[in-house]
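Below is one structure, written out as structure tokens; comments come after it.
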Amino acid sequence: MSTPFLALSRAILRGFLRDRSAVFFALVFPLMFLVLFGGLFADQSVGKVDMIVVGDVSLIDDQPEGADATFDATFDVTRSDDLADAIDQVRKGDADVAVEQQGDTVVAHYTQTDPARAGITAGALQALVDGTNLAVTGEPPTYALETRSVEDESLDAIQYYTPGLLGWAVAMSAAFGAAATLQGWRQSKLLRRLQLAPVSTRTVVGARVSVTVAVAIVQLAIFVGIGALFFDLTLSGAWWMSVPLIVVGTLCFMSIGLLAGAITKTQEGATNAANFMVLPMAFLSGSFFPLEGAPQWLRSVANVLPLKHLNDGMLDVMVRGEPWTAGLVPMGFLAVFAIVVTLVAARLFRWETA
Amino acid sequence: MSAAIEVVDLTMTYGDLRAVDGVSLSVAEGEFVGILGPNGAGKTTLLEMIEGLRRPVAGSATVLGLPAWPRNPALLPRIGVQLQASSFFDRLTAREQIHTFAALYGVSARRADEWLERVGLTEKADSRVEDLSGGQAQRLSIACALVHDPEVVFLDEPTAALDPQARRNLWELLSGLNDSGRTVVLTTHYMDEAEALCDRVAIMDHGQVLVVDTPAALVQGLDAPTRITLADGEVISTREPAAEIARLAGEGRLDHLQVQTGTLEDVFLSLTGREYRA
Ligand SMILES: Nc1ncnc2c1ncn2[C@@H]1O[C@H](COP(=O)(O)OP(=O)(O)OP(=O)(O)O)[C@@H](O)[C@H]1O
Ligand SMILES: [Mg+2]
């Protein structure tokens, strides 16, 4: 004999595990994206700049001692005598820049197709010209600049996508689970039947929430496990904070699912409504691509979305090396969101579907 | 005997529709009461108010001395309810289903298994509820309603989808329950069922209880002529069946003779008419 809470939890968990499509969308589907993105963007660090040197370019040919090491690290040089052909190659994207020298002026032909690459090319060439000018005057430089990229590790594809896709996966399974359960149980009159059993609403809701939270933690474990095993995911110090974050995030998305279940009349309607809320949110919250390049208004919209805060919090504590306290503000936002939406859903809920 | 169920002036409305309209009814402890009525008469709505599932617009329902509304956790373990639509957990087997309900009432798994046996579902114990036939699901639903041995049992059309064997077996089971002192209230569309099982029958229509009495008293009250059907198909309608049969015996025409007195169905039809209900 087990307690009502355990019996209900077991019944709900079994129902979930036997629902192939629910398991697919909670685990397999997001994992497919993880493998896809993790593999696709694995080596997307910006490589060397392909440079075609047309004719004699003394700036490059007669570099001062020690400067050529930096130069070689930045540029891949091929030589050509045909300017038109070199420019054509740049235009087609086969090379990044064609360089020729006219008197004391170095002319660089490059394309803006890839703004990041164009910036690197122009910057590197400018640095080369400045450095050479300085060397020619013989004066030691007054200021020195040393650059260190802070993001080279944290924005590695897998580092970025594991927390983001995990946030999406948790959001989906929590919202869908709550929406489908509420609708399904209402349709089948199981809610009414449970009302007749001597168990409190707290026990029923508690069992449902526990199962979803447990599923979310399994999702976390599987994501981190696969990321670490196959894609060199490395977690930063306060990663354990992702567990409470996921728990509060789950509650928040369950509330969204409850809302979807309360405002719809059928089970399909409920899952569609949940989908309608979660999928656009996943795009706007950076689950599929970073939002850095997005226009300001879009980022303002994203800032009111719970998934954005979940993703941010997860990125901070899992891979950006922020202290555990970085998870507190997102957790607060998610908790308040969950409470407000649950209250709205409770007001809109009707026992009768008619 | 004290009243197991006391219903006073119970009313439920849906918009303009008075689904249950001022019903009063008293059921004694250990009594077996049937509620009959055409589709939409208000039987289910009445039961759901007595079970505490719906809040009445007016009136009151008391079960075992306790008010049915609001939901009273002290009362719930003492009543057993089979809803008209079967209500199960998705994708669980019959056994898992009844084990879950048993656990909600603090009943052991072994006793739950006994109930599967009593409704003849042992062979289907490992089938998912989605794969049960209508009648099997109905039997599981009844077993889930009775698993905690409630004092008062509410069954909403329990035999609706059952084959004749299952129906007779269920009758036996319900009679047994009733004999052991349980109070049973059921709704049904089968007059033979009501006659066979019920101490008293309430006939409802348009949200109101038209009559409540023993099946025998209702048939007597109908004062319908007895119909005698002869082997050659001739039908004799008479108010003095004894004299008529004596006359037929004298003529040697008793072979294959059928005597039909008024039935509960006649009572039902005479009270509720022959029109279809919306
Ligand atoms: N949730 C509801 N909303 C609006 N009307 C309802 C609702 N439930 C029942 N009704 C109406 O109330 C009336 C009584 O319904 P009820 O289900 O009690 O009938 P019933 O006697 O159980 O019928 P049946 O024999 O078909 O089961 C019907 O006219 C029905 O249409
Ligand atoms: Mg009914």
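By order of appearance in the structure tokens: chains A, B, ..., then residues from 1 within every chain, and ligands from 1 in the order shown.
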
With only C-alpha atoms counted and 12 Å as the cut-off, give the residues of chain A in contact with chain B, each with its shortest interatomic distance in Å and the pair that gives it, as CSV.
```
residue,atom,partner,partner_atom,distance
A:Met1,CA,B:Ser108,CA,5.0
A:Ser2,CA,B:Ala103,CA,5.8
A:Thr3,CA,B:Ala103,CA,6.1
A:Pro4,CA,B:Leu104,CA,4.5
A:Phe5,CA,B:Leu104,CA,8.1
A:Leu6,CA,B:Ala103,CA,8.7
A:Ala7,CA,B:Thr100,CA,5.4
A:Leu8,CA,B:Thr100,CA,6.6
A:Ser9,CA,B:Thr100,CA,9.6
A:Arg10,CA,B:Thr100,CA,8.5
A:Ala11,CA,B:Thr100,CA,6.9
A:Ile12,CA,B:Phe89,CA,7.7
A:Leu13,CA,B:Leu92,CA,10.2
A:Arg14,CA,B:Leu92,CA,7.1
A:Gly15,CA,B:Arg91,CA,5.2
A:Phe16,CA,B:Arg91,CA,8.5
A:Leu17,CA,B:Arg91,CA,9.4
A:Arg18,CA,B:Arg91,CA,6.7
A:Asp19,CA,B:Arg91,CA,7.7
A:Arg20,CA,B:Arg91,CA,10.9
A:Ala180,CA,B:Asp90,CA,11.0
A:Thr181,CA,B:Asp90,CA,9.4
A:Gly184,CA,B:Asp90,CA,8.4
A:Trp185,CA,B:Phe89,CA,7.9
A:Arg186,CA,B:Ser87,CA,9.4
A:Gln187,CA,B:Ser87,CA,8.8
A:Ser188,CA,B:Ser87,CA,5.2
A:Lys189,CA,B:Ser87,CA,5.2
A:Leu190,CA,B:Ser87,CA,4.6
A:Leu191,CA,B:Ser87,CA,8.3
A:Arg192,CA,B:Leu53,CA,7.1
A:Arg193,CA,B:Ser87,CA,6.7
A:Leu194,CA,B:Leu104,CA,8.8
A:Gln195,CA,B:Leu53,CA,7.5
A:Leu196,CA,B:Leu76,CA,6.1
A:Ala197,CA,B:Leu76,CA,6.0
A:Pro198,CA,B:Pro73,CA,5.3
A:Val199,CA,B:Leu104,CA,6.6
A:Ser200,CA,B:Pro73,CA,8.2
A:Thr201,CA,B:Pro73,CA,11.1
A:Thr203,CA,B:Leu104,CA,10.2
A:Val204,CA,B:Leu104,CA,10.3
A:Trp351,CA,B:Arg54,CA,10.0
A:Glu352,CA,B:Arg54,CA,10.9
A:Ala354,CA,B:Tyr14,CA,11.0
```

**Prompt:** Can you tell me which residues sit at most 12 Å away from ligand 2, counting only C-alpha atoms and all ligand atoms, written as a ChimeraX atom specification?
**Reply:** /B:19,35-48,82-85,155-158,160,186-189,204,207

Apply DSSP to the structure's backbone, then extract all residues of region 46-212 of chain B labelled strand (DSSP E) and return them as JSON, numbers by chain.
{"B": [58, 59, 60, 61, 62, 63, 66, 67, 79, 80, 81, 82, 152, 153, 154, 155, 156, 183, 184, 185, 186, 187, 200, 201, 202, 203, 204, 205, 208, 209, 210, 211, 212]}

Filtering to C-alpha atoms, could you give me those residues as an mmCIF file, in the first residue's frame?
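As written to disk, again.cif reads:
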```cif
data_model
loop_
_atom_site.group_PDB
_atom_site.id
_atom_site.type_symbol
_atom_site.label_atom_id
_atom_site.label_comp_id
_atom_site.auth_asym_id
_atom_site.auth_seq_id
_atom_site.Cartn_x
_atom_site.Cartn_y
_atom_site.Cartn_z
ATOM 1 C CA ALA B 58 -31.157 25.920 -3.820
ATOM 2 C CA GLY B 59 -32.036 23.229 -1.325
ATOM 3 C CA SER B 60 -29.768 20.848 0.539
ATOM 4 C CA ALA B 61 -28.452 17.300 0.408
ATOM 5 C CA THR B 62 -27.261 15.409 3.477
ATOM 6 C CA VAL B 63 -25.444 12.081 3.290
ATOM 7 C CA LEU B 66 -23.241 15.267 6.830
ATOM 8 C CA PRO B 67 -23.887 18.058 4.327
ATOM 9 C CA ILE B 79 -19.299 7.009 -0.224
ATOM 10 C CA GLY B 80 -18.469 5.277 -3.492
ATOM 11 C CA VAL B 81 -19.285 6.856 -6.833
ATOM 12 C CA GLN B 82 -19.306 5.539 -10.358
ATOM 13 C CA VAL B 152 -23.328 4.509 0.475
ATOM 14 C CA VAL B 153 -22.894 3.665 -3.195
ATOM 15 C CA PHE B 154 -23.923 5.853 -6.140
ATOM 16 C CA LEU B 155 -23.961 4.262 -9.565
ATOM 17 C CA ASP B 156 -24.923 6.225 -12.671
ATOM 18 C CA THR B 183 -27.157 1.774 0.833
ATOM 19 C CA VAL B 184 -27.280 1.811 -2.967
ATOM 20 C CA VAL B 185 -28.640 4.473 -5.300
ATOM 21 C CA LEU B 186 -28.504 3.819 -9.006
ATOM 22 C CA THR B 187 -29.920 5.255 -12.178
ATOM 23 C CA ARG B 200 -38.074 1.747 -4.120
ATOM 24 C CA VAL B 201 -38.061 3.513 -7.451
ATOM 25 C CA ALA B 202 -38.179 7.250 -8.160
ATOM 26 C CA ILE B 203 -39.374 8.282 -11.603
ATOM 27 C CA MET B 204 -38.064 11.640 -12.739
ATOM 28 C CA ASP B 205 -38.909 13.899 -15.655
ATOM 29 C CA GLN B 208 -38.847 16.698 -10.974
ATOM 30 C CA VAL B 209 -39.544 13.463 -9.163
ATOM 31 C CA LEU B 210 -42.989 12.330 -10.302
ATOM 32 C CA VAL B 211 -43.441 9.334 -7.991
ATOM 33 C CA VAL B 212 -41.433 7.366 -5.445
#
```

- Message: Residues near Asp199 (chain B), anyone? I mean within 12 Å using only C-alpha atoms, not counting same-chain ones fewer than 6 positions away, as a list in words.
- Response: Val27, Ala28, Glu29, Gly30, Glu31, Phe32, Val33, Gly34, Ile35, Ser175, Asn178, Asp179, Thr183, Val184, Val185, Leu186, Glu193, Val212, Asp213, Thr214, Pro215, Ala216, Ala217 and Leu218 of chain B

Would you put the residues from that selection into a file with C-alpha atoms, as a PDB file, in the first residue's frame?
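The resulting file, again-v6.pdb, is shown below:
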```pdb
ATOM      1  CA  VAL B  27     -33.276   7.142   1.422  1.00  0.00           C
ATOM      2  CA  ALA B  28     -33.066   4.932   4.491  1.00  0.00           C
ATOM      3  CA  GLU B  29     -29.864   3.219   5.523  1.00  0.00           C
ATOM      4  CA  GLY B  30     -29.582  -0.123   3.785  1.00  0.00           C
ATOM      5  CA  GLU B  31     -32.155   0.774   1.188  1.00  0.00           C
ATOM      6  CA  PHE B  32     -31.749   0.128  -2.544  1.00  0.00           C
ATOM      7  CA  VAL B  33     -33.221   2.976  -4.572  1.00  0.00           C
ATOM      8  CA  GLY B  34     -33.430   3.314  -8.336  1.00  0.00           C
ATOM      9  CA  ILE B  35     -33.870   6.564 -10.227  1.00  0.00           C
ATOM     10  CA  SER B 175     -27.706  -7.310  -4.161  1.00  0.00           C
ATOM     11  CA  ASN B 178     -27.147  -4.286  -0.242  1.00  0.00           C
ATOM     12  CA  ASP B 179     -27.747  -7.424   1.826  1.00  0.00           C
ATOM     13  CA  THR B 183     -27.157   1.774   0.833  1.00  0.00           C
ATOM     14  CA  VAL B 184     -27.280   1.811  -2.967  1.00  0.00           C
ATOM     15  CA  VAL B 185     -28.640   4.473  -5.300  1.00  0.00           C
ATOM     16  CA  LEU B 186     -28.504   3.819  -9.006  1.00  0.00           C
ATOM     17  CA  GLU B 193     -33.273  -4.054 -13.448  1.00  0.00           C
ATOM     18  CA  VAL B 212     -41.433   7.366  -5.445  1.00  0.00           C
ATOM     19  CA  ASP B 213     -42.661   3.947  -4.357  1.00  0.00           C
ATOM     20  CA  THR B 214     -41.963   0.229  -4.435  1.00  0.00           C
ATOM     21  CA  PRO B 215     -42.101  -1.249  -7.943  1.00  0.00           C
ATOM     22  CA  ALA B 216     -45.070  -3.428  -6.963  1.00  0.00           C
ATOM     23  CA  ALA B 217     -47.070  -0.509  -5.605  1.00  0.00           C
ATOM     24  CA  LEU B 218     -46.363   1.507  -8.726  1.00  0.00           C
TER      25      LEU B 218
END
```
